[in-house]
Amino acid sequence: MRKCIVLFVLLLMYSKSIAQQWSEEKANDWYAAQPWLVGSNFLPSNAINQLEMWQKETWSPELIDKELGWAADLGMNTMRVYLHDIPYRQDAEGFKQRMDEFLTICQKHNIRPMFVIFDSCWDPFPKAGKQRDPKPGVHNSGWVQSPGAEILKDKSQWPALKDYVVDVMSSFKEDERILAWDITNEPDNDNASSYGKNNMKQELKNKKELGVELVRTAFGWAREVNPSQPITSAPWYGDWSSLDKMNEMNRFLFTHSDIITFHNYADAADFKQRVEWLKQFNRPMLCTEYMARPAGSTFQDILPIAKENKVGMINWGFVAGKSQTNYPWDSWQQAYKKEPPVWFHDIFRKDGSAYRPEETAFIKEMTGTKP
């Protein structure tokens with residue numbers, strides 16, 4: 001009987017030692033101390049994916065410094081930046097040193113990034129080393145998932161993923177240069193339109209389920225670390241009007257994130273509706289992906305609504321480089337032979353000139369940096 005009581009007490013102490021979702025008050029106090037958050041999903045123009053950004057052989061601090069300077073000129077104060085487990089597993093200390101160097105560059109430009117730990121989108125078979133060249137005219141032709149399918153499907157390898165999450169977050173848990181942690185990008189996205197049945201191995205049929213299980217598990221790992229920065233993960237589709245109308249994953253993410261993040265590539269009316277829906281949670285809101293010009297998601301249409309409702313905004317794409325996200329998603333079905341008539345994502349060309357000068361002028365006006 002005594003052993004049972006001792007065990008119960010130990011379990012109770014352990015459960016209390018693991019941090020829980022921030023209270024609404026704590027989340028809103030944190031947000032009140034922030035400026036209006038505006039930025040982009042950032043990948044240097046010479047990188048086709050997260051591996052080329054973070055691997056030692058292709059690490060490019062000078063280019064990162066130059067391109068983040070363009071962001072600062074627009075009045076941007078945050079960037080959403082994807083990490084990857086492979087460079088960490090290759091050289092954990094070197095990877096964290098490059099993260100620290102990146103944060104120093106960001107601090108120089110008054111930018112506080114949100115780091116994305118895992119990603120469920122695009123190529124499910126990432127490989128270390130030299131990355132392939134971009135496929136001409138194809139959107140994000142070399143972006144890779146983290147973890148790759150071989151690890152995702154083999155739960156005996158998940159402890160290594162926990163080591164990655166816990167070590168990276170613990171190393172920077174008190175670092176004021178970091179805005180927030182995004183646990184997984186679109187956990188249940190199977191990229192069926194790009195990596196469909198003909199390109200996926202049979203064992204990936206349950207990828208959605210594994211992705212959802214991983215993000216739930218990784219939230220637990222992050223709570224063990226208990227960072228000073230908020231943790232979150234963004235739903236990207238579905239009916240968000242009430243908890244009972246949401247699917248299980250969206251309900252979990254909205255009720256476990258410290259701050260509410262979401263993705264929206266639709267027009268102004270849809271964006272405004274979703275913002276109204278999300279007010280039910282009484283938490284800070286940050287749209288971590290938007291801006292697809294042909295779909296009606298533009299800076300001029302969306303940013304005023306966001307600013308009025310105090311919603312932070314991070315658009316997809318910054319410089320049109322090796323990721324080629326100025327080409328639309330449908331380029332996976334039919335590659336474009338020349339630059340699309342209207343860019344899908346991205347703001348700048350590689351030489352730093354604006355794709356649409358009226359857009360950059362508008363962003364400056366919205367951020368208060370326009371002379």
# chains A, B, ... in the order shown; residues from 1 in each chain; ligands from 1
>>> closest_atom_pairs(of="region 64-109 of chain A", to="region 311-314 of chain A", cutoff="12 Å", atoms="only C-alpha atoms", output="CSV")
residue,atom,partner,partner_atom,distance
A:Ala71,CA,A:Ile314,CA,11.7
A:Met76,CA,A:Ile314,CA,9.3
A:Asn77,CA,A:Ile314,CA,10.0
A:Thr78,CA,A:Ile314,CA,7.9
A:Met79,CA,A:Ile314,CA,7.1
A:Arg80,CA,A:Ile314,CA,7.1
A:Val81,CA,A:Ile314,CA,10.7
>>> write_last_selection(atoms="C-alpha atoms", output="compact mmCIF listing (two decimals), in the first residue's frame")
# COMPACT_ATOMS: atom_id res chain seq x y z
CA ALA A 71 13.18 42.74 -44.70
CA MET A 76 9.41 43.55 -40.91
CA ASN A 77 10.21 42.44 -37.38
CA THR A 78 9.85 38.66 -37.54
CA MET A 79 10.56 35.76 -39.90
CA ARG A 80 9.28 32.19 -39.86
CA VAL A 81 12.26 29.90 -40.40
>>> closest_atom_pairs(of="region 146-258 of chain A", to="region 92-107 of chain A", cutoff="10 Å", atoms="only C-alpha atoms", output="JSON lines")
{"residue": "A:Tyr164", "atom": "CA", "partner": "A:Ala92", "partner_atom": "CA", "distance": 8.3}
{"residue": "A:Asp167", "atom": "CA", "partner": "A:Ala92", "partner_atom": "CA", "distance": 8.7}
{"residue": "A:Val168", "atom": "CA", "partner": "A:Lys96", "partner_atom": "CA", "distance": 7.0}
{"residue": "A:Ser171", "atom": "CA", "partner": "A:Lys96", "partner_atom": "CA", "distance": 8.0}
{"residue": "A:Phe172", "atom": "CA", "partner": "A:Asp100", "partner_atom": "CA", "distance": 8.7}
{"residue": "A:Asp175", "atom": "CA", "partner": "A:Leu103", "partner_atom": "CA", "distance": 9.4}
{"residue": "A:Glu176", "atom": "CA", "partner": "A:Gln107", "partner_atom": "CA", "distance": 9.8}
{"residue": "A:Arg177", "atom": "CA", "partner": "A:Leu103", "partner_atom": "CA", "distance": 6.4}
{"residue": "A:Ile178", "atom": "CA", "partner": "A:Leu103", "partner_atom": "CA", "distance": 7.5}
>>> closest_residue(among="A:Pro61, A:Pro159, A:Pro284, A:Pro187", to="Tyr31 (chain A)", atoms="only C-alpha atoms")
A:Pro284
>>> atom_distance(atom1="CA of Phe42 (chain A)", atom2="CA of Pro136 (chain A)")
21.0 Å
>>> residues_around(residues="Leu253 (chain A)", least_positions_apart="2", cutoff="10 Å", atoms="only C-alpha atoms", output="CSV table (one decimal) with C-alpha atoms, in the first residue's frame")
chain,number,residue,atom,x,y,z
A,212,VAL,CA,-0.9,14.0,-36.2
A,215,VAL,CA,2.8,16.7,-33.5
A,216,ARG,CA,0.8,15.6,-30.4
A,219,PHE,CA,4.0,19.1,-28.0
A,232,THR,CA,2.2,26.7,-31.3
A,233,SER,CA,1.2,24.9,-34.5
A,234,ALA,CA,-1.2,26.1,-37.2
A,235,PRO,CA,-4.3,24.5,-38.6
A,248,GLU,CA,-9.5,16.2,-34.0
A,249,MET,CA,-6.1,17.6,-35.1
A,250,ASN,CA,-7.4,21.2,-35.4
A,251,ARG,CA,-9.2,21.0,-32.1
A,255,THR,CA,-6.5,24.1,-27.5
A,256,HIS,CA,-2.9,23.3,-26.8
A,257,SER,CA,-1.1,26.2,-28.5
A,258,ASP,CA,-0.1,29.2,-26.3
A,259,ILE,CA,-0.8,31.6,-29.2
A,260,ILE,CA,-3.2,30.9,-32.1
A,261,THR,CA,-1.5,30.5,-35.4
A,262,PHE,CA,-3.2,29.6,-38.7
>>> decode(residues="region 50-95 of chain A", atoms="N, CA and C atoms", output="compact mmCIF listing (two decimals), in the first residue's frame")
# COMPACT_ATOMS: atom_id res chain seq x y z
N GLN A 50 15.55 23.43 -46.56
CA GLN A 50 16.09 23.65 -45.22
C GLN A 50 17.51 23.11 -45.09
N LEU A 51 17.81 22.00 -45.79
CA LEU A 51 19.14 21.41 -45.68
C LEU A 51 20.20 22.34 -46.25
N GLU A 52 19.93 22.92 -47.42
CA GLU A 52 20.90 23.85 -48.00
C GLU A 52 21.05 25.11 -47.15
N MET A 53 20.02 25.46 -46.43
CA MET A 53 20.15 26.61 -45.55
C MET A 53 21.05 26.31 -44.36
N TRP A 54 20.89 25.12 -43.75
CA TRP A 54 21.51 24.86 -42.45
C TRP A 54 22.76 23.99 -42.50
N GLN A 55 22.99 23.22 -43.56
CA GLN A 55 24.19 22.39 -43.60
C GLN A 55 25.45 23.26 -43.68
N LYS A 56 26.49 22.81 -43.04
CA LYS A 56 27.73 23.58 -42.94
C LYS A 56 28.26 23.97 -44.31
N GLU A 57 28.18 23.05 -45.28
CA GLU A 57 28.80 23.28 -46.58
C GLU A 57 28.12 24.40 -47.37
N THR A 58 26.86 24.66 -47.10
CA THR A 58 26.11 25.67 -47.86
C THR A 58 25.59 26.80 -46.97
N TRP A 59 26.08 26.86 -45.74
CA TRP A 59 25.68 27.93 -44.81
C TRP A 59 26.17 29.27 -45.36
N SER A 60 25.28 30.26 -45.44
CA SER A 60 25.60 31.52 -46.14
C SER A 60 25.22 32.74 -45.28
N PRO A 61 25.96 33.01 -44.21
CA PRO A 61 25.58 34.12 -43.33
C PRO A 61 25.60 35.48 -44.02
N GLU A 62 26.52 35.68 -44.97
CA GLU A 62 26.59 36.98 -45.64
C GLU A 62 25.33 37.24 -46.46
N LEU A 63 24.85 36.23 -47.17
CA LEU A 63 23.63 36.40 -47.96
C LEU A 63 22.42 36.57 -47.05
N ILE A 64 22.37 35.80 -45.98
CA ILE A 64 21.27 35.93 -45.02
C ILE A 64 21.24 37.35 -44.46
N ASP A 65 22.39 37.87 -44.12
CA ASP A 65 22.48 39.23 -43.59
C ASP A 65 21.94 40.24 -44.61
N LYS A 66 22.34 40.10 -45.86
CA LYS A 66 21.89 41.03 -46.90
C LYS A 66 20.39 40.96 -47.09
N GLU A 67 19.84 39.75 -47.17
CA GLU A 67 18.41 39.61 -47.45
C GLU A 67 17.55 40.01 -46.25
N LEU A 68 18.03 39.74 -45.04
CA LEU A 68 17.28 40.20 -43.87
C LEU A 68 17.32 41.73 -43.75
N GLY A 69 18.35 42.33 -44.32
CA GLY A 69 18.39 43.78 -44.38
C GLY A 69 17.26 44.33 -45.23
N TRP A 70 16.92 43.63 -46.32
CA TRP A 70 15.78 44.06 -47.15
C TRP A 70 14.48 43.95 -46.36
N ALA A 71 14.38 42.89 -45.53
CA ALA A 71 13.18 42.74 -44.70
C ALA A 71 13.07 43.88 -43.70
N ALA A 72 14.18 44.22 -43.06
CA ALA A 72 14.16 45.32 -42.09
C ALA A 72 13.76 46.63 -42.76
N ASP A 73 14.18 46.83 -43.99
CA ASP A 73 13.82 48.06 -44.71
C ASP A 73 12.31 48.16 -44.93
N LEU A 74 11.63 47.02 -44.98
CA LEU A 74 10.17 47.02 -45.13
C LEU A 74 9.45 47.22 -43.79
N GLY A 75 10.20 47.22 -42.72
CA GLY A 75 9.59 47.31 -41.39
C GLY A 75 9.23 45.97 -40.82
N MET A 76 9.70 44.88 -41.43
CA MET A 76 9.41 43.55 -40.91
C MET A 76 10.20 43.31 -39.64
N ASN A 77 9.59 42.65 -38.68
CA ASN A 77 10.21 42.44 -37.38
C ASN A 77 10.23 40.98 -36.95
N THR A 78 9.78 40.09 -37.82
CA THR A 78 9.85 38.66 -37.54
C THR A 78 10.03 37.91 -38.86
N MET A 79 10.47 36.67 -38.76
CA MET A 79 10.56 35.76 -39.90
C MET A 79 10.24 34.36 -39.39
N ARG A 80 9.55 33.59 -40.22
CA ARG A 80 9.28 32.19 -39.86
C ARG A 80 10.32 31.36 -40.60
N VAL A 81 11.09 30.56 -39.85
CA VAL A 81 12.26 29.90 -40.40
C VAL A 81 12.23 28.41 -40.03
N TYR A 82 12.38 27.56 -41.04
CA TYR A 82 12.31 26.12 -40.85
C TYR A 82 13.67 25.54 -40.47
N LEU A 83 13.68 24.74 -39.42
CA LEU A 83 14.84 23.94 -39.04
C LEU A 83 14.71 22.57 -39.72
N HIS A 84 15.63 21.65 -39.43
CA HIS A 84 15.54 20.28 -39.94
C HIS A 84 16.35 19.36 -39.05
N ASP A 85 15.82 18.15 -38.84
CA ASP A 85 16.48 17.21 -37.93
C ASP A 85 17.77 16.63 -38.48
N ILE A 86 17.93 16.56 -39.82
CA ILE A 86 19.13 15.93 -40.40
C ILE A 86 20.40 16.72 -40.07
N PRO A 87 20.47 18.03 -40.31
CA PRO A 87 21.70 18.75 -39.93
C PRO A 87 22.01 18.65 -38.44
N TYR A 88 20.96 18.59 -37.61
CA TYR A 88 21.19 18.42 -36.18
C TYR A 88 21.82 17.06 -35.91
N ARG A 89 21.28 16.01 -36.52
CA ARG A 89 21.81 14.67 -36.26
C ARG A 89 23.22 14.49 -36.83
N GLN A 90 23.56 15.24 -37.87
CA GLN A 90 24.92 15.20 -38.42
C GLN A 90 25.93 15.82 -37.47
N ASP A 91 25.57 16.99 -36.91
CA ASP A 91 26.51 17.75 -36.09
C ASP A 91 25.70 18.68 -35.20
N ALA A 92 25.28 18.18 -34.05
CA ALA A 92 24.37 18.93 -33.19
C ALA A 92 24.96 20.26 -32.76
N GLU A 93 26.22 20.25 -32.32
CA GLU A 93 26.82 21.50 -31.83
C GLU A 93 27.01 22.50 -32.96
N GLY A 94 27.44 22.01 -34.13
CA GLY A 94 27.60 22.91 -35.27
C GLY A 94 26.27 23.51 -35.70
N PHE A 95 25.21 22.69 -35.68
CA PHE A 95 23.88 23.16 -36.04
C PHE A 95 23.42 24.27 -35.10
